[in-house]
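Input: a single structure, listed below in structure tokens.
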Amino acid sequence: MKEIRKCPKCRIYTFREICPRCNNKTNRAIPPKFSPEDPWGKYRRKMKRKLLEKKGWL
Ligand SMILES: [Zn+2]
């Protein structure tokens, strides 16, 4: 199965490892599949981590 990739520079999706537009290496793009019960979980965890780092707990 081909996996979709994304150019971080042009922000375009492609199946190639090299962006056809700028020849930059593309990254694996996770399809935007959000968990229905916690769509912001990842974001929230990130924020929490930031908060802990701020407090010097990490
Ligand atoms: Zn590109």
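Ligands are numbered from 1 in the order shown, residues from 1 within each chain, and chains are lettered A, B, ... in the order they appear in the structure tokens.
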Legend entry - Near-ligand residues for ligand 1, threshold 10 Å, only C-alpha atoms and all ligand atoms, as a list in words: Lys6, Cys7, Pro8, Lys9, Cys10, Arg11, Ile12, Tyr13, Thr14, Ile18, Cys19, Pro20, Arg21, Cys22, Asn23, Asn24, Lys25 and Thr26 of chain A
Using the selection just defined, write its residues with N, CA and C atoms as a PDB file, in the first residue's frame.
```
ATOM      1  N   LYS A   6       3.856  14.105   2.699  1.00  0.00           N
ATOM      2  CA  LYS A   6       3.589  15.534   2.606  1.00  0.00           C
ATOM      3  C   LYS A   6       4.896  16.308   2.569  1.00  0.00           C
ATOM      4  N   CYS A   7       4.947  17.269   1.703  1.00  0.00           N
ATOM      5  CA  CYS A   7       6.120  18.128   1.640  1.00  0.00           C
ATOM      6  C   CYS A   7       5.996  19.215   2.705  1.00  0.00           C
ATOM      7  N   PRO A   8       6.968  19.298   3.596  1.00  0.00           N
ATOM      8  CA  PRO A   8       6.875  20.315   4.656  1.00  0.00           C
ATOM      9  C   PRO A   8       7.055  21.732   4.129  1.00  0.00           C
ATOM     10  N   LYS A   9       7.637  21.821   2.962  1.00  0.00           N
ATOM     11  CA  LYS A   9       7.900  23.143   2.386  1.00  0.00           C
ATOM     12  C   LYS A   9       6.672  23.688   1.659  1.00  0.00           C
ATOM     13  N   CYS A  10       6.169  22.885   0.725  1.00  0.00           N
ATOM     14  CA  CYS A  10       5.021  23.348  -0.073  1.00  0.00           C
ATOM     15  C   CYS A  10       3.696  22.996   0.584  1.00  0.00           C
ATOM     16  N   ARG A  11       3.745  22.105   1.551  1.00  0.00           N
ATOM     17  CA  ARG A  11       2.532  21.618   2.210  1.00  0.00           C
ATOM     18  C   ARG A  11       1.586  20.981   1.216  1.00  0.00           C
ATOM     19  N   ILE A  12       2.148  20.236   0.288  1.00  0.00           N
ATOM     20  CA  ILE A  12       1.301  19.494  -0.624  1.00  0.00           C
ATOM     21  C   ILE A  12       1.463  18.014  -0.326  1.00  0.00           C
ATOM     22  N   TYR A  13       0.435  17.271  -0.638  1.00  0.00           N
ATOM     23  CA  TYR A  13       0.464  15.830  -0.414  1.00  0.00           C
ATOM     24  C   TYR A  13       0.896  15.125  -1.681  1.00  0.00           C
ATOM     25  N   THR A  14       1.687  14.095  -1.489  1.00  0.00           N
ATOM     26  CA  THR A  14       2.158  13.332  -2.630  1.00  0.00           C
ATOM     27  C   THR A  14       2.450  11.915  -2.178  1.00  0.00           C
ATOM     28  N   ILE A  18      10.123  12.226  -2.774  1.00  0.00           N
ATOM     29  CA  ILE A  18      10.689  13.528  -3.096  1.00  0.00           C
ATOM     30  C   ILE A  18       9.568  14.390  -3.658  1.00  0.00           C
ATOM     31  N   CYS A  19       9.465  15.567  -3.141  1.00  0.00           N
ATOM     32  CA  CYS A  19       8.406  16.461  -3.578  1.00  0.00           C
ATOM     33  C   CYS A  19       8.564  16.779  -5.064  1.00  0.00           C
ATOM     34  N   PRO A  20       7.515  16.578  -5.841  1.00  0.00           N
ATOM     35  CA  PRO A  20       7.607  16.849  -7.279  1.00  0.00           C
ATOM     36  C   PRO A  20       7.726  18.338  -7.585  1.00  0.00           C
ATOM     37  N   ARG A  21       7.421  19.143  -6.621  1.00  0.00           N
ATOM     38  CA  ARG A  21       7.452  20.581  -6.875  1.00  0.00           C
ATOM     39  C   ARG A  21       8.804  21.204  -6.519  1.00  0.00           C
ATOM     40  N   CYS A  22       9.326  20.843  -5.342  1.00  0.00           N
ATOM     41  CA  CYS A  22      10.561  21.508  -4.901  1.00  0.00           C
ATOM     42  C   CYS A  22      11.716  20.545  -4.689  1.00  0.00           C
ATOM     43  N   ASN A  23      11.489  19.252  -4.940  1.00  0.00           N
ATOM     44  CA  ASN A  23      12.542  18.242  -4.770  1.00  0.00           C
ATOM     45  C   ASN A  23      13.023  18.114  -3.332  1.00  0.00           C
ATOM     46  N   ASN A  24      12.230  18.562  -2.425  1.00  0.00           N
ATOM     47  CA  ASN A  24      12.536  18.410  -1.023  1.00  0.00           C
ATOM     48  C   ASN A  24      12.078  17.024  -0.581  1.00  0.00           C
ATOM     49  N   LYS A  25      12.701  16.493   0.456  1.00  0.00           N
ATOM     50  CA  LYS A  25      12.254  15.198   0.948  1.00  0.00           C
ATOM     51  C   LYS A  25      10.922  15.370   1.671  1.00  0.00           C
ATOM     52  N   THR A  26      10.018  14.453   1.417  1.00  0.00           N
ATOM     53  CA  THR A  26       8.709  14.564   2.046  1.00  0.00           C
ATOM     54  C   THR A  26       8.650  13.738   3.315  1.00  0.00           C
TER      55      THR A  26
END
```
Legend entry - Length of the atom CA of A:Glu17 to atom CA of A:Lys42 vector [Å]: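 Atom-to-atom, atom CA of A:Glu17 to atom CA of A:Lys42, that is 26.4 Å.
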Legend entry - Pick from A:Lys46, A:Gly56, A:Lys2, A:Asn27, whichever lies nearest to A:Phe15 using only C-alpha atoms: A:Lys2
